[in-house]
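Asker: Just entry.txt, nothing more (compact mmCIF, N, CA and C atoms):
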# COMPACT_ATOMS: atom_id res chain seq x y z
N MET W 1371 -4.34 3.45 69.07
CA MET W 1371 -3.53 3.45 67.87
C MET W 1371 -2.07 3.63 68.27
N GLN W 1372 -1.22 2.74 67.88
CA GLN W 1372 0.21 2.83 68.15
C GLN W 1372 0.89 3.21 66.84
N CYS W 1373 1.42 4.40 66.78
CA CYS W 1373 2.05 4.89 65.55
C CYS W 1373 3.32 5.61 65.95
N ARG W 1374 4.41 4.89 66.07
CA ARG W 1374 5.67 5.52 66.43
C ARG W 1374 6.12 6.43 65.32
N PHE W 1375 7.18 7.18 65.53
CA PHE W 1375 7.64 8.11 64.51
C PHE W 1375 8.08 7.32 63.29
N LEU W 1376 7.12 7.07 62.41
CA LEU W 1376 7.33 6.38 61.15
C LEU W 1376 7.20 7.41 60.06
N ARG W 1377 7.18 6.93 58.87
CA ARG W 1377 6.96 7.82 57.74
C ARG W 1377 5.66 8.58 57.96
N PRO W 1378 5.68 9.90 57.78
CA PRO W 1378 4.43 10.65 57.94
C PRO W 1378 3.32 10.10 57.07
N THR W 1379 3.66 9.58 55.91
CA THR W 1379 2.67 9.01 55.01
C THR W 1379 1.94 7.87 55.69
N ILE W 1380 2.68 6.95 56.28
CA ILE W 1380 2.07 5.80 56.94
C ILE W 1380 1.26 6.26 58.14
N ALA W 1381 1.80 7.19 58.89
CA ALA W 1381 1.09 7.69 60.07
C ALA W 1381 -0.24 8.30 59.66
N LEU W 1382 -0.26 9.07 58.59
CA LEU W 1382 -1.50 9.68 58.15
C LEU W 1382 -2.46 8.62 57.63
N CYS W 1383 -1.96 7.61 56.97
CA CYS W 1383 -2.83 6.53 56.51
C CYS W 1383 -3.49 5.82 57.69
N VAL W 1384 -2.74 5.62 58.76
CA VAL W 1384 -3.30 5.00 59.96
C VAL W 1384 -4.37 5.91 60.56
N LEU W 1385 -4.09 7.21 60.61
CA LEU W 1385 -5.07 8.14 61.16
C LEU W 1385 -6.37 8.13 60.37
N PHE W 1386 -6.27 7.97 59.06
CA PHE W 1386 -7.45 7.97 58.22
C PHE W 1386 -8.02 6.56 58.01
N GLY W 1387 -7.49 5.57 58.71
CA GLY W 1387 -7.88 4.18 58.51
C GLY W 1387 -9.35 3.91 58.68
N GLY W 1388 -10.07 4.68 59.50
CA GLY W 1388 -11.47 4.43 59.73
C GLY W 1388 -12.39 5.08 58.71
N ILE W 1389 -11.83 5.82 57.76
CA ILE W 1389 -12.64 6.50 56.77
C ILE W 1389 -12.94 5.55 55.62
N SER W 1390 -14.11 5.68 55.04
CA SER W 1390 -14.47 4.79 53.93
C SER W 1390 -13.49 4.98 52.77
N GLN W 1391 -13.40 3.99 51.93
CA GLN W 1391 -12.42 3.97 50.84
C GLN W 1391 -12.52 5.20 49.94
N PRO W 1392 -13.69 5.59 49.41
CA PRO W 1392 -13.73 6.78 48.54
C PRO W 1392 -13.29 8.05 49.28
N ALA W 1393 -13.73 8.21 50.53
CA ALA W 1393 -13.33 9.40 51.29
C ALA W 1393 -11.83 9.36 51.56
N GLN W 1394 -11.33 8.17 51.87
CA GLN W 1394 -9.90 8.04 52.14
C GLN W 1394 -9.10 8.41 50.90
N ALA W 1395 -9.53 8.00 49.74
CA ALA W 1395 -8.83 8.33 48.50
C ALA W 1395 -8.78 9.84 48.31
N LEU W 1396 -9.88 10.53 48.60
CA LEU W 1396 -9.90 11.98 48.46
C LEU W 1396 -8.99 12.65 49.47
N GLU W 1397 -9.00 12.18 50.71
CA GLU W 1397 -8.19 12.79 51.76
C GLU W 1397 -6.69 12.61 51.50
N LEU W 1398 -6.29 11.51 50.88
CA LEU W 1398 -4.88 11.21 50.70
C LEU W 1398 -4.37 11.53 49.29
N ARG W 1399 -5.20 12.12 48.47
CA ARG W 1399 -4.79 12.42 47.09
C ARG W 1399 -3.54 13.29 47.05
N TRP W 1400 -3.37 14.17 48.05
CA TRP W 1400 -2.21 15.07 48.08
C TRP W 1400 -0.90 14.29 48.12
N LEU W 1401 -0.93 13.04 48.58
CA LEU W 1401 0.32 12.28 48.68
C LEU W 1401 0.97 12.03 47.32
N GLN W 1402 0.17 11.99 46.27
CA GLN W 1402 0.77 11.76 44.96
C GLN W 1402 1.67 12.91 44.53
N TYR W 1403 1.50 14.06 45.16
CA TYR W 1403 2.34 15.23 44.85
C TYR W 1403 3.41 15.48 45.90
N SER W 1404 3.45 14.67 46.93
CA SER W 1404 4.37 14.87 48.05
C SER W 1404 5.76 14.34 47.72
N PRO W 1405 6.80 15.04 48.17
CA PRO W 1405 8.15 14.55 47.93
C PRO W 1405 8.43 13.22 48.62
N VAL W 1406 7.76 12.94 49.73
CA VAL W 1406 8.04 11.69 50.45
C VAL W 1406 7.70 10.47 49.62
N ARG W 1407 6.86 10.63 48.64
CA ARG W 1407 6.52 9.52 47.73
C ARG W 1407 7.77 8.99 47.02
N TYR W 1408 8.77 9.82 46.87
CA TYR W 1408 9.97 9.47 46.11
C TYR W 1408 11.16 9.15 47.01
N PHE W 1409 10.94 9.05 48.30
CA PHE W 1409 12.03 8.75 49.23
C PHE W 1409 12.50 7.30 49.11
N THR W 1410 13.80 7.13 49.24
CA THR W 1410 14.38 5.79 49.35
C THR W 1410 14.36 5.38 50.82
N ASP W 1411 14.64 4.12 51.09
CA ASP W 1411 14.72 3.67 52.48
C ASP W 1411 15.78 4.45 53.25
N LYS W 1412 16.89 4.74 52.58
CA LYS W 1412 17.95 5.51 53.24
C LYS W 1412 17.48 6.94 53.55
N ASP W 1413 16.70 7.54 52.64
CA ASP W 1413 16.14 8.87 52.90
C ASP W 1413 15.31 8.84 54.17
N TRP W 1414 14.43 7.85 54.29
CA TRP W 1414 13.57 7.72 55.47
C TRP W 1414 14.41 7.57 56.73
N ASP W 1415 15.42 6.70 56.66
CA ASP W 1415 16.27 6.49 57.83
C ASP W 1415 16.97 7.78 58.25
N MET W 1416 17.47 8.53 57.28
CA MET W 1416 18.15 9.78 57.59
C MET W 1416 17.19 10.81 58.19
N MET W 1417 15.98 10.91 57.61
CA MET W 1417 15.02 11.87 58.14
C MET W 1417 14.60 11.48 59.56
N LYS W 1418 14.32 10.19 59.79
CA LYS W 1418 13.89 9.76 61.12
C LYS W 1418 14.98 9.98 62.17
N GLU W 1419 16.23 9.68 61.83
CA GLU W 1419 17.32 9.88 62.79
C GLU W 1419 17.51 11.36 63.10
N THR W 1420 17.42 12.20 62.09
CA THR W 1420 17.53 13.64 62.30
C THR W 1420 16.40 14.13 63.20
N ALA W 1421 15.20 13.64 62.95
CA ALA W 1421 14.04 14.03 63.78
C ALA W 1421 14.21 13.56 65.21
N ARG W 1422 14.65 12.32 65.41
CA ARG W 1422 14.86 11.80 66.77
C ARG W 1422 15.83 12.68 67.54
N GLN W 1423 16.95 13.02 66.90
CA GLN W 1423 17.95 13.84 67.57
C GLN W 1423 17.39 15.22 67.92
N LEU W 1424 16.67 15.82 66.98
CA LEU W 1424 16.11 17.15 67.23
C LEU W 1424 15.06 17.10 68.33
N LEU W 1425 14.16 16.12 68.26
CA LEU W 1425 13.10 16.02 69.27
C LEU W 1425 13.66 15.70 70.65
N ASN W 1426 14.70 14.87 70.70
CA ASN W 1426 15.27 14.47 71.98
C ASN W 1426 16.11 15.56 72.63
N SER W 1427 16.89 16.29 71.85
CA SER W 1427 17.84 17.20 72.49
C SER W 1427 17.87 18.62 71.93
N GLY W 1428 17.11 18.90 70.90
CA GLY W 1428 17.07 20.25 70.36
C GLY W 1428 16.20 21.16 71.21
N LYS W 1429 16.52 22.43 71.19
CA LYS W 1429 15.72 23.43 71.90
C LYS W 1429 14.71 24.02 70.92
N ASP W 1430 13.66 24.63 71.45
CA ASP W 1430 12.69 25.30 70.58
C ASP W 1430 13.44 26.33 69.73
N GLY W 1431 13.16 26.31 68.45
CA GLY W 1431 13.84 27.21 67.51
C GLY W 1431 15.02 26.57 66.81
N ASP W 1432 15.53 25.45 67.34
CA ASP W 1432 16.65 24.75 66.69
C ASP W 1432 16.19 24.08 65.40
N SER W 1433 17.11 23.98 64.46
CA SER W 1433 16.86 23.30 63.18
C SER W 1433 17.92 22.25 62.94
N ALA W 1434 17.57 21.29 62.12
CA ALA W 1434 18.51 20.24 61.71
C ALA W 1434 18.20 19.88 60.27
N THR W 1435 19.23 19.48 59.54
CA THR W 1435 19.04 19.10 58.14
C THR W 1435 19.61 17.73 57.88
N TRP W 1436 19.15 17.14 56.80
CA TRP W 1436 19.70 15.87 56.33
C TRP W 1436 19.76 15.94 54.81
N GLU W 1437 20.69 15.19 54.23
CA GLU W 1437 20.81 15.13 52.77
C GLU W 1437 21.40 13.79 52.39
N ASN W 1438 20.78 13.14 51.44
CA ASN W 1438 21.27 11.86 50.94
C ASN W 1438 21.93 12.10 49.58
N PRO W 1439 23.26 12.06 49.51
CA PRO W 1439 23.95 12.31 48.24
C PRO W 1439 23.64 11.24 47.19
N GLU W 1440 23.25 10.05 47.62
CA GLU W 1440 22.93 8.97 46.67
C GLU W 1440 21.65 9.27 45.89
N SER W 1441 20.63 9.78 46.58
CA SER W 1441 19.35 10.05 45.92
C SER W 1441 19.20 11.51 45.52
N GLY W 1442 19.96 12.39 46.18
CA GLY W 1442 19.80 13.82 45.97
C GLY W 1442 18.67 14.42 46.77
N ASN W 1443 17.97 13.59 47.55
CA ASN W 1443 16.85 14.08 48.36
C ASN W 1443 17.37 14.67 49.66
N GLN W 1444 16.59 15.61 50.21
CA GLN W 1444 17.03 16.31 51.42
C GLN W 1444 15.85 16.85 52.19
N GLY W 1445 16.14 17.29 53.41
CA GLY W 1445 15.07 17.86 54.21
C GLY W 1445 15.62 18.64 55.39
N SER W 1446 14.71 19.35 56.04
CA SER W 1446 15.06 20.08 57.24
C SER W 1446 13.91 19.96 58.24
N LEU W 1447 14.27 20.06 59.49
CA LEU W 1447 13.30 19.99 60.57
C LEU W 1447 13.57 21.14 61.51
N LYS W 1448 12.50 21.72 62.04
CA LYS W 1448 12.65 22.81 63.00
C LYS W 1448 11.73 22.53 64.19
N ALA W 1449 12.31 22.57 65.39
CA ALA W 1449 11.53 22.42 66.62
C ALA W 1449 10.85 23.76 66.88
N LEU W 1450 9.53 23.75 66.94
CA LEU W 1450 8.79 25.00 67.09
C LEU W 1450 8.42 25.30 68.54
N SER W 1451 7.91 24.30 69.24
CA SER W 1451 7.49 24.53 70.62
C SER W 1451 7.46 23.22 71.39
N THR W 1452 7.51 23.34 72.70
CA THR W 1452 7.43 22.19 73.60
C THR W 1452 6.34 22.46 74.61
N ILE W 1453 5.45 21.48 74.79
CA ILE W 1453 4.37 21.64 75.76
C ILE W 1453 4.21 20.34 76.55
N GLU W 1454 3.56 20.44 77.68
CA GLU W 1454 3.16 19.26 78.45
C GLU W 1454 1.70 19.01 78.13
N LYS W 1455 1.39 17.79 77.75
CA LYS W 1455 0.03 17.43 77.37
C LYS W 1455 -0.34 16.15 78.11
N GLY W 1456 -1.16 16.28 79.14
CA GLY W 1456 -1.56 15.11 79.92
C GLY W 1456 -0.39 14.42 80.59
N GLY W 1457 0.58 15.21 81.07
CA GLY W 1457 1.75 14.65 81.72
C GLY W 1457 2.81 14.12 80.77
N THR W 1458 2.63 14.37 79.49
CA THR W 1458 3.57 13.90 78.47
C THR W 1458 4.21 15.09 77.78
N THR W 1459 5.49 15.00 77.48
CA THR W 1459 6.17 16.05 76.73
C THR W 1459 5.84 15.91 75.26
N CYS W 1460 5.37 17.00 74.68
CA CYS W 1460 5.04 17.01 73.25
C CYS W 1460 5.79 18.16 72.59
N ARG W 1461 6.15 17.95 71.33
CA ARG W 1461 6.87 18.98 70.59
C ARG W 1461 6.24 19.16 69.22
N GLU W 1462 6.03 20.42 68.87
CA GLU W 1462 5.56 20.72 67.53
C GLU W 1462 6.80 20.95 66.67
N ALA W 1463 6.80 20.36 65.48
CA ALA W 1463 7.94 20.51 64.59
C ALA W 1463 7.45 20.73 63.16
N GLU W 1464 8.23 21.49 62.44
CA GLU W 1464 7.98 21.72 61.02
C GLU W 1464 8.98 20.88 60.24
N ILE W 1465 8.47 20.14 59.28
CA ILE W 1465 9.31 19.26 58.47
C ILE W 1465 9.19 19.69 57.02
N ALA W 1466 10.31 20.00 56.40
CA ALA W 1466 10.35 20.37 54.99
C ALA W 1466 11.21 19.33 54.27
N ASN W 1467 10.69 18.79 53.17
CA ASN W 1467 11.42 17.78 52.41
C ASN W 1467 11.44 18.13 50.94
N GLN W 1468 12.48 17.64 50.27
CA GLN W 1468 12.59 17.84 48.83
C GLN W 1468 13.09 16.55 48.21
N ALA W 1469 12.40 16.13 47.16
CA ALA W 1469 12.82 14.96 46.38
C ALA W 1469 12.63 15.32 44.92
N GLY W 1470 13.73 15.35 44.18
CA GLY W 1470 13.64 15.78 42.79
C GLY W 1470 13.15 17.21 42.74
N LYS W 1471 12.14 17.46 41.92
CA LYS W 1471 11.59 18.81 41.78
C LYS W 1471 10.41 19.05 42.73
N ARG W 1472 10.11 18.08 43.55
CA ARG W 1472 8.97 18.21 44.48
C ARG W 1472 9.46 18.63 45.86
N SER W 1473 8.71 19.54 46.48
CA SER W 1473 9.03 19.96 47.84
C SER W 1473 7.73 20.14 48.60
N GLY W 1474 7.82 20.01 49.91
CA GLY W 1474 6.65 20.17 50.75
C GLY W 1474 7.04 20.42 52.19
N THR W 1475 6.16 21.11 52.90
CA THR W 1475 6.38 21.42 54.30
C THR W 1475 5.12 21.06 55.09
N SER W 1476 5.32 20.41 56.24
CA SER W 1476 4.20 20.03 57.10
C SER W 1476 4.57 20.29 58.55
N ARG W 1477 3.55 20.45 59.38
CA ARG W 1477 3.75 20.58 60.82
C ARG W 1477 3.08 19.39 61.50
N PHE W 1478 3.79 18.86 62.48
CA PHE W 1478 3.27 17.74 63.27
C PHE W 1478 3.55 18.02 64.73
N THR W 1479 2.70 17.46 65.59
CA THR W 1479 2.96 17.45 67.02
C THR W 1479 3.32 16.03 67.40
N PHE W 1480 4.48 15.86 68.01
CA PHE W 1480 4.98 14.56 68.43
C PHE W 1480 4.98 14.51 69.95
N CYS W 1481 4.51 13.40 70.53
CA CYS W 1481 4.53 13.25 71.98
C CYS W 1481 5.44 12.07 72.34
N ARG W 1482 6.26 12.28 73.37
CA ARG W 1482 7.20 11.24 73.81
C ARG W 1482 6.43 10.16 74.57
N GLN W 1483 6.69 8.92 74.18
CA GLN W 1483 6.07 7.77 74.81
C GLN W 1483 6.93 7.31 75.99
N THR W 1484 6.38 6.47 76.84
CA THR W 1484 7.11 6.00 78.02
C THR W 1484 8.38 5.24 77.64
N ASP W 1485 8.40 4.64 76.44
CA ASP W 1485 9.60 3.91 76.01
C ASP W 1485 10.63 4.82 75.33
N GLY W 1486 10.35 6.14 75.29
CA GLY W 1486 11.30 7.09 74.72
C GLY W 1486 11.08 7.40 73.25
N THR W 1487 10.21 6.68 72.58
CA THR W 1487 9.94 6.96 71.19
C THR W 1487 8.96 8.14 71.08
N TRP W 1488 8.81 8.67 69.89
CA TRP W 1488 7.91 9.78 69.64
C TRP W 1488 6.76 9.31 68.78
N LYS W 1489 5.55 9.73 69.12
CA LYS W 1489 4.34 9.35 68.40
C LYS W 1489 3.66 10.62 67.91
N ILE W 1490 3.16 10.59 66.67
CA ILE W 1490 2.42 11.73 66.16
C ILE W 1490 1.11 11.81 66.92
N SER W 1491 0.83 13.01 67.44
CA SER W 1491 -0.38 13.24 68.22
C SER W 1491 -1.45 13.83 67.32
N ARG W 1492 -2.68 13.52 67.63
CA ARG W 1492 -3.79 14.11 66.86
C ARG W 1492 -4.04 15.51 67.30
Could you spell out this file's structure in structure tokens?
Answerer:
Amino acid sequence: MQCRFLRPTIALCVLFGGISQPAQALELRWLQYSPVRYFTDKDWDMMKETARQLLNSGKDGDSATWENPESGNQGSLKALSTIEKGGTTCREAEIANQAGKRSGTSRFTFCRQTDGTWKISR
């Protein structure tokens, strides 16, 4: 599975791709309440760029924020830990986003690929 640092929504859909349709619907029902559902393309671009910068050069414990004045949506990311996993650098990060009155926080582990991109690890 090749899933570069894309929208967490898409990444999770790919992860659940092998699940039957009814089970998949139940597993992804939480997305209807997620702030990322209301992100604009610019929101996604801002969040991804902030994450890239933090994952590439932030230290454990560092935080970064983004805010789109056009949409009013915003988020923050915090680098939690860095580990070596099978010879690959991986980083756990907490991502908090807000869109309108909806907010949510998730943790993901990202592993650096040979081409320098980050992939969500299972």
Asker: Kindly give the distance, in Å, that separates atom CA of Pro1405 of chain W and atom C of Phe1480 of chain W, rounded to a single decimal.
Answerer: 22.2 Å
Asker: Restricting the calculation to only C-alpha atoms: of W:Asn1438, W:Gln1468, W:Ser1433, W:Thr1475, which residue gets closest to Asp1411 of chain W?
Answerer: W:Asn1438
Asker: Could you name the residues that touch Gly1457 of chain W at 12 Å or less, counting only C-alpha atoms, but leaving out those on the same chain fewer than 2 positions away, as a list in words?
Answerer: Ile1453, Glu1454, Lys1455, Thr1459, Cys1460, Cys1481, Arg1482, Gln1483 and Thr1484 of chain W
Asker: My list of candidates is W:Gln1444, W:Ser1427, W:Thr1452, W:Thr1487. Which is closest to Trp1414 of chain W when distances are computed with only C-alpha atoms?
Answerer: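 Among the listed residues, the smallest separation from Trp1414 of chain W belongs to W:Gln1444.
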Asker: What is the distance between atom CA of Glu1462 of chain W and atom CA of Asp1485 of chain W, in Å to one decimal?
Answerer: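 Separation between atom CA of Glu1462 of chain W and atom CA of Asp1485 of chain W: 19.3 Å.
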Asker: Neighbouring residues of Leu1424 of chain W were defined as those with any atom within 8 Å, considering all atoms listed in the file; residues of the same chain fewer than 2 positions away were excluded. Please report them as an MDAnalysis selection string.
Answerer: chainID W and resid 1418:1422 1426:1429 1432:1434 1447:1449
Asker: Restrict the selected residues to N, CA and C atoms and save them as a short mmCIF file (atom, residue, chain, number, x, y, z; two decimals), in the coordinates of the input.
Answerer:
data_model
loop_
_atom_site.label_atom_id
_atom_site.label_comp_id
_atom_site.auth_asym_id
_atom_site.auth_seq_id
_atom_site.Cartn_x
_atom_site.Cartn_y
_atom_site.Cartn_z
N LYS W 1418 14.32 10.19 59.79
CA LYS W 1418 13.89 9.76 61.12
C LYS W 1418 14.98 9.98 62.17
N GLU W 1419 16.23 9.68 61.83
CA GLU W 1419 17.32 9.88 62.79
C GLU W 1419 17.51 11.36 63.10
N THR W 1420 17.42 12.20 62.09
CA THR W 1420 17.53 13.64 62.30
C THR W 1420 16.40 14.13 63.20
N ALA W 1421 15.20 13.64 62.95
CA ALA W 1421 14.04 14.03 63.78
C ALA W 1421 14.21 13.56 65.21
N ARG W 1422 14.65 12.32 65.41
CA ARG W 1422 14.86 11.80 66.77
C ARG W 1422 15.83 12.68 67.54
N ASN W 1426 14.70 14.87 70.70
CA ASN W 1426 15.27 14.47 71.98
C ASN W 1426 16.11 15.56 72.63
N SER W 1427 16.89 16.29 71.85
CA SER W 1427 17.84 17.20 72.49
C SER W 1427 17.87 18.62 71.93
N GLY W 1428 17.11 18.90 70.90
CA GLY W 1428 17.07 20.25 70.36
C GLY W 1428 16.20 21.16 71.21
N LYS W 1429 16.52 22.43 71.19
CA LYS W 1429 15.72 23.43 71.90
C LYS W 1429 14.71 24.02 70.92
N ASP W 1432 15.53 25.45 67.34
CA ASP W 1432 16.65 24.75 66.69
C ASP W 1432 16.19 24.08 65.40
N SER W 1433 17.11 23.98 64.46
CA SER W 1433 16.86 23.30 63.18
C SER W 1433 17.92 22.25 62.94
N ALA W 1434 17.57 21.29 62.12
CA ALA W 1434 18.51 20.24 61.71
C ALA W 1434 18.20 19.88 60.27
N LEU W 1447 14.27 20.06 59.49
CA LEU W 1447 13.30 19.99 60.57
C LEU W 1447 13.57 21.14 61.51
N LYS W 1448 12.50 21.72 62.04
CA LYS W 1448 12.65 22.81 63.00
C LYS W 1448 11.73 22.53 64.19
N ALA W 1449 12.31 22.57 65.39
CA ALA W 1449 11.53 22.42 66.62
C ALA W 1449 10.85 23.76 66.88
#
Asker: Atom N of Glu1464 of chain W to atom C of Ser1441 of chain W: how many Å, to one decimal?
Answerer: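 According to the coordinates, atom N of Glu1464 of chain W and atom C of Ser1441 of chain W are separated by 22.5 Å.
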Asker: What's the 8 Å shell around Gly1474 of chain W, counting all atoms listed in the file, without same-chain residues fewer than 6 positions away, as a list of chain:residue names?
Answerer: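 Residues near the query, excluding close chain neighbours: W:Tyr1403, W:Ser1404, W:Pro1405, W:Val1406, W:Ile1465, W:Ala1466, W:Asn1467, W:Gln1468.
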Asker: Between W:Ser1491, W:Phe1478, W:Asp1415, W:Thr1410, which one has atoms that come closest to Thr1458 of chain W, using only C-alpha atoms?
Answerer: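 Of W:Ser1491, W:Phe1478, W:Asp1415, W:Thr1410, the one nearest Thr1458 of chain W, counting only C-alpha atoms, is W:Ser1491.
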Asker: Counting all atoms listed in the file, which of W:Leu1425, W:Met1416, W:Leu1450, W:Ala1469 gets nearest to Glu1437 of chain W?
Answerer: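 That would be W:Met1416, the residue with the smallest distance to Glu1437 of chain W.
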